[in-house]
$ cat upload_34.csv   # CSV, C-alpha atoms
chain,number,residue,atom,x,y,z
A,1,MET,CA,118.9,71.7,121.7
A,2,MET,CA,120.0,73.1,118.3
A,3,ASN,CA,119.9,71.6,114.9
A,4,VAL,CA,121.3,73.1,111.7
A,5,GLU,CA,120.8,71.8,108.1
A,6,ILE,CA,122.8,73.2,105.2
A,7,LYS,CA,121.1,73.4,101.9
A,8,GLU,CA,122.6,74.4,98.6
A,9,VAL,CA,120.7,76.8,96.4
A,10,PRO,CA,120.2,75.5,92.9
A,11,ALA,CA,121.6,77.6,90.1
A,12,THR,CA,123.8,79.7,92.4
A,13,GLN,CA,127.5,79.0,93.2
A,14,ASN,CA,128.0,81.1,96.1
A,15,ALA,CA,124.8,81.1,98.2
A,16,VAL,CA,123.7,78.6,100.8
A,17,ILE,CA,120.8,78.3,103.2
A,18,LEU,CA,121.4,77.3,106.8
A,19,ARG,CA,118.2,76.1,108.4
A,20,PHE,CA,118.5,76.5,112.2
A,21,SER,CA,116.0,75.1,114.7
A,22,GLY,CA,115.8,74.9,118.4
A,23,GLU,CA,117.7,77.1,120.9
A,24,LEU,CA,120.8,78.9,119.8
A,25,ASN,CA,122.7,79.3,123.1
A,26,SER,CA,126.1,78.9,124.5
A,27,GLU,CA,125.9,75.1,124.2
A,28,SER,CA,125.3,75.3,120.4
A,29,ILE,CA,128.2,77.7,119.7
A,30,GLY,CA,130.5,74.9,118.7
A,31,GLU,CA,128.1,73.6,116.1
A,32,ILE,CA,127.3,77.1,114.8
A,33,CYS,CA,131.0,77.8,114.5
A,34,SER,CA,131.8,74.5,112.6
A,35,SER,CA,128.8,75.1,110.2
A,36,PHE,CA,130.2,78.5,109.2
A,37,GLU,CA,133.8,77.1,109.0
A,38,LYS,CA,132.5,74.5,106.5
A,39,LEU,CA,130.9,77.2,104.3
A,40,GLU,CA,134.1,79.2,104.4
A,41,SER,CA,136.2,76.2,103.4
A,42,GLU,CA,133.8,75.7,100.4
A,43,GLU,CA,134.3,79.4,99.6
A,44,LYS,CA,130.7,80.3,99.9
A,45,LYS,CA,130.1,84.0,100.0
A,46,PHE,CA,126.5,84.4,100.9
A,47,ALA,CA,124.7,82.6,103.7
A,48,ILE,CA,121.0,82.9,104.5
A,49,ALA,CA,120.2,81.8,108.1
A,50,ASP,CA,116.6,80.5,107.9
A,51,MET,CA,115.4,81.1,111.5
A,52,THR,CA,111.9,79.6,111.1
A,53,GLY,CA,112.5,76.9,113.7
A,54,VAL,CA,114.5,79.0,116.2
A,55,SER,CA,113.0,79.6,119.6
A,56,LEU,CA,115.8,81.4,121.3
A,57,ILE,CA,119.1,83.1,120.4
A,58,SER,CA,121.5,84.1,123.1
A,59,SER,CA,124.0,87.0,122.8
A,60,ALA,CA,126.9,84.5,122.8
A,61,ALA,CA,125.4,82.8,119.8
A,62,LEU,CA,124.7,86.1,118.1
A,63,GLY,CA,128.3,86.9,118.6
A,64,GLU,CA,129.2,83.9,116.5
A,65,PHE,CA,126.9,85.1,113.8
A,66,MET,CA,128.5,88.5,113.9
A,67,GLY,CA,132.0,87.0,113.5
A,68,ALA,CA,130.9,84.9,110.6
A,69,ARG,CA,129.2,87.8,108.9
A,70,LYS,CA,132.4,89.9,109.2
A,71,ARG,CA,134.3,87.2,107.3
A,72,PHE,CA,131.6,86.9,104.6
A,73,VAL,CA,131.6,90.6,104.1
A,74,GLU,CA,135.4,90.7,103.8
A,75,LYS,CA,134.9,88.3,100.8
A,76,GLY,CA,132.3,90.6,99.2
A,77,GLY,CA,129.3,88.6,100.5
A,78,ASP,CA,127.0,88.7,103.5
A,79,LEU,CA,125.2,86.7,106.2
A,80,VAL,CA,121.5,87.5,106.4
A,81,PHE,CA,118.6,86.3,108.4
A,82,ALA,CA,115.2,85.2,107.0
A,83,LYS,CA,111.8,84.1,108.4
A,84,MET,CA,112.5,85.2,111.9
A,85,LYS,CA,109.8,84.9,114.6
A,86,MET,CA,108.6,88.3,115.9
A,87,ASP,CA,109.9,87.7,119.4
A,88,ILE,CA,113.3,86.8,118.2
A,89,ARG,CA,113.4,89.8,115.9
A,90,THR,CA,112.3,92.1,118.8
A,91,LYS,CA,115.2,90.7,120.9
A,92,LEU,CA,117.7,91.3,118.1
A,93,ASN,CA,116.3,94.9,117.8
A,94,LEU,CA,116.9,95.5,121.5
A,95,MET,CA,120.4,94.2,121.1
A,96,GLY,CA,121.0,96.5,118.2
A,97,ALA,CA,121.7,93.6,115.9
A,98,THR,CA,119.2,94.7,113.3
A,99,LYS,CA,121.5,97.6,112.6
A,100,ILE,CA,124.1,95.1,111.5
A,101,PHE,CA,122.1,92.2,110.0
A,102,ARG,CA,119.5,92.4,107.3
A,103,VAL,CA,116.4,90.5,108.1
A,104,PHE,CA,114.1,89.2,105.3
A,105,SER,CA,110.6,88.0,105.7
A,106,ASP,CA,111.2,85.1,103.3
A,107,ILE,CA,113.9,83.1,101.6
A,108,ARG,CA,113.1,84.5,98.1
A,109,SER,CA,113.7,88.1,99.2
A,110,ALA,CA,117.0,87.0,100.8
A,111,LEU,CA,118.0,85.2,97.5
A,112,ASN,CA,117.1,88.3,95.6
A,113,ALA,CA,119.4,90.3,97.8
A,114,TYR,CA,122.2,87.8,97.0
A,115,LYS,CA,121.6,88.1,93.3
A,116,TRP,CA,121.7,91.8,93.6
A,117,GLN,CA,124.8,92.1,95.8
A,118,VAL,CA,127.0,89.2,94.7
A,119,GLU,CA,125.9,88.3,91.1
A,120,ARG,CA,125.0,92.0,90.3
A,121,ASN,CA,122.0,90.9,88.4
A,122,PRO,CA,120.0,93.8,87.0
A,123,GLU,CA,116.3,94.2,88.0
A,124,VAL,CA,113.9,95.4,85.4
A,125,LEU,CA,110.8,97.5,85.7
A,126,HIS,CA,108.5,98.1,82.7
A,127,LEU,CA,105.8,100.9,82.5
A,128,LYS,CA,103.4,101.7,79.8
A,129,PHE,CA,101.4,104.9,80.3
A,130,PRO,CA,99.3,107.3,78.3
A,131,SER,CA,100.7,110.5,76.9
A,132,TYR,CA,99.6,112.8,79.8
A,133,LEU,CA,101.8,115.2,81.6
A,134,GLU,CA,99.9,114.5,84.8
A,135,VAL,CA,101.3,111.0,85.0
A,136,VAL,CA,104.9,112.1,84.9
A,137,PRO,CA,105.4,113.3,88.5
A,138,PRO,CA,104.1,110.0,90.1
A,139,LEU,CA,106.2,108.1,87.6
A,140,ARG,CA,109.5,109.9,88.4
A,141,GLN,CA,108.8,109.5,92.1
A,142,LEU,CA,108.4,105.8,91.6
A,143,ILE,CA,111.7,105.5,89.8
A,144,SER,CA,113.4,107.6,92.5
A,145,ARG,CA,112.0,105.5,95.3
A,146,ILE,CA,113.1,102.3,93.6
A,147,ALA,CA,116.6,103.7,93.2
A,148,LYS,CA,116.7,104.6,96.9
A,149,LEU,CA,115.3,101.2,97.8
A,150,LYS,CA,118.2,99.6,95.9
A,151,GLY,CA,120.7,101.6,97.9
A,152,TYR,CA,121.4,104.6,95.6
A,153,SER,CA,122.1,107.8,97.5
A,154,ASN,CA,119.6,110.6,97.8
A,155,LYS,CA,121.7,112.7,95.4
A,156,ASP,CA,121.9,109.9,92.8
A,157,SER,CA,118.2,109.2,93.2
A,158,PHE,CA,117.2,112.8,92.7
A,159,ARG,CA,119.3,113.1,89.6
A,160,ILE,CA,117.7,110.0,88.2
A,161,GLU,CA,114.3,111.5,89.0
A,162,THR,CA,115.3,114.7,87.1
A,163,ILE,CA,116.4,112.6,84.1
A,164,VAL,CA,113.1,110.7,84.1
A,165,ASP,CA,111.1,113.9,84.4
A,166,GLU,CA,112.8,115.5,81.4
A,167,VAL,CA,112.7,112.5,79.2
A,168,CYS,CA,109.1,111.7,79.9
A,169,ASN,CA,108.0,115.3,79.5
A,170,ASN,CA,109.7,115.4,76.1
A,171,ALA,CA,108.0,112.2,75.1
A,172,VAL,CA,104.6,113.7,76.0
A,173,GLU,CA,105.2,117.1,74.5
A,174,HIS,CA,106.7,115.9,71.3
A,175,GLY,CA,104.9,112.7,70.8
A,176,LYS,CA,101.5,111.9,69.4
A,177,GLN,CA,98.7,112.8,71.7
A,178,GLY,CA,95.6,110.7,72.4
A,179,VAL,CA,94.4,108.2,74.9
A,180,ASP,CA,95.5,105.3,72.7
A,181,GLN,CA,99.1,106.7,72.5
A,182,LYS,CA,101.3,105.0,74.9
A,183,ILE,CA,104.8,105.7,76.2
A,184,ASP,CA,107.0,102.7,77.0
A,185,LEU,CA,109.5,103.1,79.8
A,186,LYS,CA,111.9,100.3,80.7
A,187,MET,CA,114.3,100.7,83.7
A,188,SER,CA,117.1,98.3,84.3
A,189,ILE,CA,118.9,98.8,87.6
A,190,ASP,CA,122.0,97.1,89.0
A,191,PRO,CA,124.4,98.0,91.8
A,192,GLN,CA,126.5,100.0,89.4
A,193,LYS,CA,124.2,101.8,87.0
A,194,ILE,CA,120.7,102.6,85.9
A,195,GLU,CA,119.6,102.3,82.2
A,196,LEU,CA,116.4,103.8,80.9
A,197,ASP,CA,114.7,103.3,77.6
A,198,VAL,CA,111.8,105.5,76.6
A,199,VAL,CA,109.9,104.8,73.4
A,200,ASN,CA,106.9,106.6,72.0
A,201,MET,CA,105.3,107.5,68.7
A,202,SER,CA,106.4,110.8,67.2
A,203,ASP,CA,104.0,113.5,66.3
A,204,PRO,CA,104.7,114.2,62.6
A,205,GLU,CA,103.9,117.9,63.1
A,206,LYS,CA,106.5,118.2,65.8
A,207,MET,CA,109.3,116.3,64.1
A,208,ASP,CA,111.1,119.5,63.0
A,209,SER,CA,111.1,121.0,66.4
A,210,LEU,CA,112.2,117.7,68.0
A,211,LYS,CA,115.1,117.3,65.5
A,212,ALA,CA,116.1,121.0,66.2
A,213,LEU,CA,116.3,120.1,69.9
A,214,LEU,CA,118.6,117.2,69.2
A,215,LYS,CA,121.1,119.4,67.3
A,216,PRO,CA,124.2,120.2,69.4
A,217,ARG,CA,123.8,123.6,71.2
A,218,ASN,CA,126.3,126.3,70.2
A,219,GLY,CA,127.3,128.2,73.3
A,220,ALA,CA,128.4,131.2,71.3
A,221,GLN,CA,124.8,131.9,70.2
A,222,GLY,CA,122.7,134.2,72.3
A,223,GLU,CA,119.7,132.7,74.0
A,224,THR,CA,116.5,133.0,72.0
A,225,SER,CA,113.1,131.5,72.8
A,226,ASP,CA,114.0,128.6,70.5
A,227,SER,CA,117.3,127.8,72.2
A,228,LYS,CA,115.7,128.0,75.6
A,229,ARG,CA,113.6,125.0,74.6
A,230,GLY,CA,116.6,122.7,74.4
A,231,ARG,CA,117.6,123.1,78.0
A,232,GLY,CA,115.9,119.9,79.2
A,233,LEU,CA,118.0,117.8,76.8
A,234,ALA,CA,121.1,119.7,77.7
A,235,LEU,CA,120.3,119.0,81.3
A,236,ILE,CA,119.9,115.3,80.6
A,237,LYS,CA,123.2,115.2,78.8
A,238,MET,CA,124.9,116.8,81.8
A,239,LEU,CA,123.4,114.3,84.2
A,240,THR,CA,123.9,111.1,82.3
A,241,ASP,CA,126.9,109.0,81.1
A,242,GLU,CA,125.3,108.0,77.9
A,243,LEU,CA,122.4,109.4,75.9
A,244,THR,CA,121.2,108.1,72.6
A,245,VAL,CA,118.2,109.4,70.7
A,246,ASP,CA,116.8,107.7,67.7
A,247,CYS,CA,114.2,109.9,66.1
A,248,SER,CA,112.1,109.1,63.0
A,249,GLU,CA,108.6,109.3,61.6
A,250,LYS,CA,107.9,105.9,63.1
A,251,GLY,CA,108.9,106.8,66.6
A,252,THR,CA,111.4,108.2,69.1
A,253,SER,CA,113.5,106.0,71.2
A,254,VAL,CA,115.7,107.4,74.0
A,255,HIS,CA,118.4,105.3,75.7
A,256,ILE,CA,120.1,106.6,78.9
A,257,LYS,CA,122.8,105.2,81.1
A,258,LYS,CA,123.6,106.7,84.4
A,259,VAL,CA,126.4,105.3,86.5
A,260,ARG,CA,126.1,105.3,90.2
A,261,GLU,CA,128.2,108.2,91.7
A,262,GLU,CA,128.1,107.5,95.4
B,1,MET,CA,93.7,118.6,84.2
B,2,ASN,CA,94.1,117.4,80.6
B,3,LEU,CA,93.8,113.7,81.0
B,4,ASN,CA,90.7,111.9,79.7
B,5,PHE,CA,89.1,108.9,81.2
B,6,PRO,CA,89.3,106.0,80.8
B,7,TYR,CA,93.1,105.3,80.6
B,8,ASN,CA,95.4,102.5,81.6
B,9,VAL,CA,98.8,102.4,83.2
B,10,GLU,CA,100.6,99.0,83.1
B,11,LEU,CA,103.5,98.0,85.3
B,12,ARG,CA,105.7,94.9,85.3
B,13,PHE,CA,108.0,94.6,88.3
B,14,PRO,CA,110.1,92.0,90.0
B,15,GLY,CA,108.3,89.5,92.2
B,16,ASP,CA,109.9,90.8,95.4
B,17,LEU,CA,108.1,92.2,98.4
B,18,GLU,CA,110.5,95.2,98.7
B,19,TYR,CA,109.0,96.8,95.6
B,20,ILE,CA,105.5,96.9,96.9
B,21,PRO,CA,105.6,100.1,99.0
B,22,ALA,CA,106.9,102.1,96.0
B,23,ILE,CA,104.3,100.5,93.7
B,24,ARG,CA,101.4,101.3,96.0
B,25,LYS,CA,102.6,104.8,96.5
B,26,PHE,CA,102.7,105.3,92.8
B,27,VAL,CA,99.1,104.1,92.4
B,28,SER,CA,98.0,106.5,95.2
B,29,GLU,CA,99.7,109.4,93.6
B,30,LEU,CA,98.4,108.5,90.1
B,31,LEU,CA,94.9,108.6,91.5
B,32,GLN,CA,95.3,111.9,93.2
B,33,VAL,CA,96.7,113.6,90.1
B,34,SER,CA,93.7,112.1,88.2
B,35,GLY,CA,91.3,113.9,90.6
B,36,PHE,CA,90.4,111.2,93.0
B,37,SER,CA,90.3,112.1,96.7
B,38,GLN,CA,93.1,111.4,99.2
B,39,LYS,CA,90.8,109.0,101.1
B,40,PHE,CA,90.0,107.1,97.9
B,41,ALA,CA,93.7,107.0,97.0
B,42,TYR,CA,94.7,105.7,100.4
B,43,ARG,CA,92.1,102.9,100.4
B,44,SER,CA,93.1,101.9,96.9
B,45,GLU,CA,96.7,101.8,98.2
B,46,ILE,CA,95.6,99.3,100.8
B,47,ILE,CA,94.0,97.1,98.0
B,48,VAL,CA,97.1,97.3,95.9
B,49,ASP,CA,99.3,96.4,98.9
B,50,GLU,CA,97.2,93.3,99.6
B,51,ILE,CA,96.9,92.0,96.1
B,52,CYS,CA,100.6,92.6,95.4
B,53,ASN,CA,101.6,90.9,98.6
B,54,ASN,CA,99.5,87.9,97.6
B,55,ALA,CA,100.9,87.8,94.1
B,56,VAL,CA,104.4,87.8,95.4
B,57,SER,CA,103.9,85.5,98.3
B,58,TYR,CA,101.7,82.9,96.5
B,59,GLY,CA,102.4,83.4,92.8
B,60,CYS,CA,106.1,83.7,92.3
B,61,THR,CA,108.2,80.7,91.6
B,62,GLY,CA,111.0,80.2,89.2
B,63,GLU,CA,114.2,82.1,88.6
B,64,ASN,CA,113.2,85.7,87.9
B,65,PRO,CA,109.4,86.1,88.6
B,66,GLU,CA,107.6,89.1,87.5
B,67,ILE,CA,104.2,90.7,88.5
B,68,GLU,CA,102.0,92.5,86.1
B,69,LEU,CA,99.7,95.2,87.5
B,70,ILE,CA,97.2,97.1,85.2
B,71,CYS,CA,95.5,100.1,86.6
B,72,SER,CA,92.4,101.1,84.6
B,73,LEU,CA,91.2,104.6,85.6
B,74,PHE,CA,87.6,105.5,84.9
B,75,SER,CA,85.8,108.7,85.9
B,76,ASP,CA,83.8,106.8,88.5
B,77,ARG,CA,86.1,104.0,89.5
B,78,ILE,CA,89.4,102.2,89.4
B,79,GLU,CA,90.0,98.7,88.3
B,80,PHE,CA,93.1,96.7,89.2
B,81,THR,CA,94.2,93.6,87.4
B,82,ILE,CA,97.2,91.7,88.8
B,83,LYS,CA,98.8,88.8,87.1
B,84,ASP,CA,101.5,86.5,88.4
B,85,GLN,CA,103.3,83.7,86.8
B,86,GLY,CA,101.8,81.0,88.9
B,87,GLY,CA,102.6,79.5,92.2
B,88,ASP,CA,103.2,75.9,93.2
B,89,LYS,CA,100.4,73.6,94.1
B,90,ILE,CA,100.5,74.3,97.9
B,91,ASN,CA,100.3,78.1,97.4
B,92,VAL,CA,97.5,77.8,94.8
B,93,GLU,CA,95.5,75.8,97.3
B,94,LYS,CA,96.2,78.4,100.0
B,95,LEU,CA,94.9,81.1,97.6
B,96,HIS,CA,91.8,79.1,96.8
B,97,ALA,CA,91.2,78.8,100.6
B,98,ALA,CA,91.8,82.5,101.1
B,99,LEU,CA,89.2,83.2,98.4
B,100,LYS,CA,86.4,81.7,100.3
B,101,THR,CA,84.6,84.3,102.4
B,102,ALA,CA,86.2,84.1,105.8
B,103,ASP,CA,84.0,83.7,108.9
B,104,LEU,CA,85.6,86.3,111.1
B,105,ASN,CA,84.4,84.5,114.2
B,106,LYS,CA,86.7,81.6,113.4
B,107,VAL,CA,90.3,82.2,114.3
B,108,GLU,CA,91.7,79.7,111.7
B,109,GLU,CA,89.7,81.5,108.9
B,110,ILE,CA,91.0,84.9,110.1
B,111,ASN,CA,94.6,83.6,110.0
B,112,ARG,CA,94.1,82.1,106.6
B,113,GLY,CA,92.8,84.9,104.4
B,114,LEU,CA,92.3,88.3,106.2
B,115,GLY,CA,94.1,90.2,103.4
B,116,LEU,CA,91.5,89.3,100.8
B,117,GLU,CA,88.7,90.0,103.3
B,118,ILE,CA,90.1,93.6,103.5
B,119,VAL,CA,90.1,93.8,99.7
B,120,ARG,CA,86.5,92.6,99.6
B,121,MET,CA,85.5,95.2,102.2
B,122,LEU,CA,87.1,98.0,100.3
B,123,SER,CA,85.9,97.1,96.8
B,124,GLU,CA,82.8,96.5,94.8
B,125,SER,CA,84.0,93.3,93.2
B,126,LEU,CA,86.9,90.8,93.5
B,127,ASP,CA,87.3,88.1,90.9
B,128,VAL,CA,90.1,85.6,90.6
B,129,ALA,CA,90.9,83.3,87.7
B,130,ILE,CA,93.5,80.5,87.9
B,131,ASP,CA,94.2,78.7,84.7
B,132,LYS,CA,95.5,75.1,84.3
B,133,ASN,CA,99.1,76.3,84.5
B,134,ASN,CA,98.4,78.0,87.9
B,135,LEU,CA,98.7,81.5,86.2
B,136,THR,CA,96.6,83.7,88.5
B,137,SER,CA,94.8,86.8,87.6
B,138,VAL,CA,93.0,88.9,90.2
B,139,HIS,CA,90.6,91.7,89.2
B,140,VAL,CA,89.3,94.3,91.7
B,141,VAL,CA,86.9,97.1,91.1
B,142,ARG,CA,86.7,100.1,93.5
B,143,LYS,CA,84.0,102.7,92.9
B,144,ARG,CA,84.4,106.3,93.7
B,145,GLU,CA,82.6,107.4,96.8
B,146,ASP,CA,82.4,111.1,96.3
B,147,ILE,CA,80.1,111.2,93.3

$ encode --input "upload_34.csv" --output "structure tokens"
Amino acid sequence: MMNVEIKEVPATQNAVILRFSGELNSESIGEICSSFEKLESEEKKFAIADMTGVSLISSAALGEFMGARKRFVEKGGDLVFAKMKMDIRTKLNLMGATKIFRVFSDIRSALNAYKWQVERNPEVLHLKFPSYLEVVPPLRQLISRIAKLKGYSNKDSFRIETIVDEVCNNAVEHGKQGVDQKIDLKMSIDPQKIELDVVNMSDPEKMDSLKALLKPRNGAQGETSDSKRGRGLALIKMLTDELTVDCSEKGTSVHIKKVREE
Amino acid sequence: MNLNFPYNVELRFPGDLEYIPAIRKFVSELLQVSGFSQKFAYRSEIIVDEICNNAVSYGCTGENPEIELICSLFSDRIEFTIKDQGGDKINVEKLHAALKTADLNKVEEINRGLGLEIVRMLSESLDVAIDKNNLTSVHVVRKREDI
């Protein structure tokens, strides 16, 4: 016998949790169907099926879920599973259903997915690291992995990695050195764009060379060893949609915006 | 290698389980570029995975929870400090229970706190502080084995 309890999610307009329990089989299809119809009539976009208490799901019942998911997706939302027992999840795997449905280990992760997908809330990562070149490769790989995790393509993720590498290398090379010198990196990511802010203390002895790098490059000039040094910044400008650099004796602050391409 | 010990790297990331694989990989790579062995880096990765999972699972309530992880690298060890914003009463009690050394012959104790047992096995010290607002801070020290 099946039971379903519908629970509103506080502070969200479009998300709802359906707590299922018992056996989801052909006898429960009517009730499953009417639960989803109720949500659709209330114009809910995102449903989280809490499967903690579910002991069985038949292919007929799964078919109802698939139909409901299709309708949610057409409205820009989704139907996801959460807190599924391992044997049920294995069964869904064998049926190929995990290629269609996202399955979260807890409700919070499912709600985060809602906030990301429907409300388009940005997620923020902060890093503070010392001014050492050695730290830059792990850091750019971290940013790239997070971009891929959030659904950015390999191409976009690699371009973001390139941007992070250039900006952080510049911060190390042109900033003040020393174990107490920290570089601050803030990444804000949402489904449409990534924004990076990198702040560090400037090295007064390198201010002139840094300001020279920031001057617009004149393509008519032949390449000299000095003009070769500005390539990193030129590369960043090519790869980003916005680049702002604020450079003074107090510190250097770089803001970058990269819009998702794929 | 130009870096000098000790140095700190501080991260703040959303309290969501999906971030943890990327965070632990970052720590592993950071250790390797700092001259620690792959074995040390991998075991430290296991520690980071466990403490981050606990912080997210037991310490994240509220609208937009964040986890703070500080990695302090010394020439002979690494220290991790992880802070969460505080769980609800039930989860804090679960954490207290998990902190007691588990008797691995008792099934219920294994089910309760195996993650922290793994951290204890792999580290030299594990300290947890929970303040009156349930803000939790976990500090782990892992010493280098190859020196």

$ residues_around --input "upload_34.csv" --residues "region 66-78 of chain B" --least-positions-apart "4" --cutoff "7 Å" --atoms "only C-alpha atoms" --output "PDB file with C-alpha atoms, in the frame of the given file"
ATOM      1  CA  PHE B   5      89.100 108.900  81.200  1.00  0.00           C
ATOM      2  CA  PRO B   6      89.300 106.000  80.800  1.00  0.00           C
ATOM      3  CA  TYR B   7      93.100 105.300  80.600  1.00  0.00           C
ATOM      4  CA  ASN B   8      95.400 102.500  81.600  1.00  0.00           C
ATOM      5  CA  VAL B   9      98.800 102.400  83.200  1.00  0.00           C
ATOM      6  CA  GLU B  10     100.600  99.000  83.100  1.00  0.00           C
ATOM      7  CA  LEU B  11     103.500  98.000  85.300  1.00  0.00           C
ATOM      8  CA  ARG B  12     105.700  94.900  85.300  1.00  0.00           C
ATOM      9  CA  PHE B  13     108.000  94.600  88.300  1.00  0.00           C
ATOM     10  CA  PRO B  14     110.100  92.000  90.000  1.00  0.00           C
ATOM     11  CA  GLY B  15     108.300  89.500  92.200  1.00  0.00           C
ATOM     12  CA  ILE B  82      97.200  91.700  88.800  1.00  0.00           C
ATOM     13  CA  LYS B  83      98.800  88.800  87.100  1.00  0.00           C
ATOM     14  CA  ASP B  84     101.500  86.500  88.400  1.00  0.00           C
ATOM     15  CA  GLN B  85     103.300  83.700  86.800  1.00  0.00           C
ATOM     16  CA  VAL B 141      86.900  97.100  91.100  1.00  0.00           C
ATOM     17  CA  ARG B 142      86.700 100.100  93.500  1.00  0.00           C
ATOM     18  CA  LYS B 143      84.000 102.700  92.900  1.00  0.00           C
ATOM     19  CA  ARG B 144      84.400 106.300  93.700  1.00  0.00           C
TER      20      ARG B 144
END

$ residues_near_point --input "upload_34.csv" --point "(128.9, 84.5, 116.1)" --cutoff "12 Å" --atoms "only C-alpha atoms" --output "PyMOL selection string"
chain A and resi 24-26+28-37+57-71+79+97+101

$ interface_residues --input "upload_34.csv" --of "chain A" --to "chain B" --cutoff "9 Å" --atoms "all atoms listed in the file" --output "PyMOL selection string"
chain A and resi 11+105-106+108-109+112+123-135+137-139+141-143+145-146+149+178-180

$ residues_around --input "upload_34.csv" --residues "Val128 (chain B)" --least-positions-apart "4" --cutoff "8 Å" --atoms "only C-alpha atoms" --output "count of residues only"
4

$ atom_distance --input "upload_34.csv" --atom1 "CA of Lys155 (chain A)" --atom2 "CA of Leu239 (chain A)"
11.4 Å

$ closest_residue --input "upload_34.csv" --among "A:Ser157, A:Ser21, A:Ser55, A:Ser248" --to "Met86 (chain A)" --atoms "all atoms listed in the file"
A:Ser55

$ atom_distance --input "upload_34.csv" --atom1 "CA of Asp203 (chain A)" --atom2 "CA of Val172 (chain A)"
9.7 Å

$ atom_distance --input "upload_34.csv" --atom1 "CA of Gln192 (chain A)" --atom2 "CA of Ser41 (chain A)"
29.3 Å

$ residues_around --input "upload_34.csv" --residues "Val259 (chain A)" --least-positions-apart "5" --cutoff "12 Å" --atoms "all atoms listed in the file" --output "list in words"
Ala147, Tyr152, Asp156, Ser157, Arg159, Ile160, Ser188, Ile189, Asp190, Pro191, Gln192, Lys193, Ile194, Glu195, Leu196, Leu239, Thr240, Asp241 and Glu242 of chain A

$ write_last_selection --input "upload_34.csv" --atoms "C-alpha atoms" --output "PDB file, in the coordinates of the input"
ATOM      1  CA  ALA A 147     116.600 103.700  93.200  1.00  0.00           C
ATOM      2  CA  TYR A 152     121.400 104.600  95.600  1.00  0.00           C
ATOM      3  CA  ASP A 156     121.900 109.900  92.800  1.00  0.00           C
ATOM      4  CA  SER A 157     118.200 109.200  93.200  1.00  0.00           C
ATOM      5  CA  ARG A 159     119.300 113.100  89.600  1.00  0.00           C
ATOM      6  CA  ILE A 160     117.700 110.000  88.200  1.00  0.00           C
ATOM      7  CA  SER A 188     117.100  98.300  84.300  1.00  0.00           C
ATOM      8  CA  ILE A 189     118.900  98.800  87.600  1.00  0.00           C
ATOM      9  CA  ASP A 190     122.000  97.100  89.000  1.00  0.00           C
ATOM     10  CA  PRO A 191     124.400  98.000  91.800  1.00  0.00           C
ATOM     11  CA  GLN A 192     126.500 100.000  89.400  1.00  0.00           C
ATOM     12  CA  LYS A 193     124.200 101.800  87.000  1.00  0.00           C
ATOM     13  CA  ILE A 194     120.700 102.600  85.900  1.00  0.00           C
ATOM     14  CA  GLU A 195     119.600 102.300  82.200  1.00  0.00           C
ATOM     15  CA  LEU A 196     116.400 103.800  80.900  1.00  0.00           C
ATOM     16  CA  LEU A 239     123.400 114.300  84.200  1.00  0.00           C
ATOM     17  CA  THR A 240     123.900 111.100  82.300  1.00  0.00           C
ATOM     18  CA  ASP A 241     126.900 109.000  81.100  1.00  0.00           C
ATOM     19  CA  GLU A 242     125.300 108.000  77.900  1.00  0.00           C
TER      20      GLU A 242
END

$ closest_residue --input "upload_34.csv" --among "B:Pro65, B:Gly115, B:Gly35, B:Gly86" --to "Val48 (chain B)" --atoms "only C-alpha atoms"
B:Gly115

$ residues_near_point --input "upload_34.csv" --point "(121.9, 73.8, 101.9)" --cutoff "8 Å" --atoms "only C-alpha atoms" --output "PyMOL selection string"
chain A and resi 5-9+16-19

$ closest_residue --input "upload_34.csv" --among "B:Glu79, B:Leu135, B:Leu122, B:Ile51" --to "Lys39 (chain B)" --atoms "all atoms listed in the file"
B:Leu122
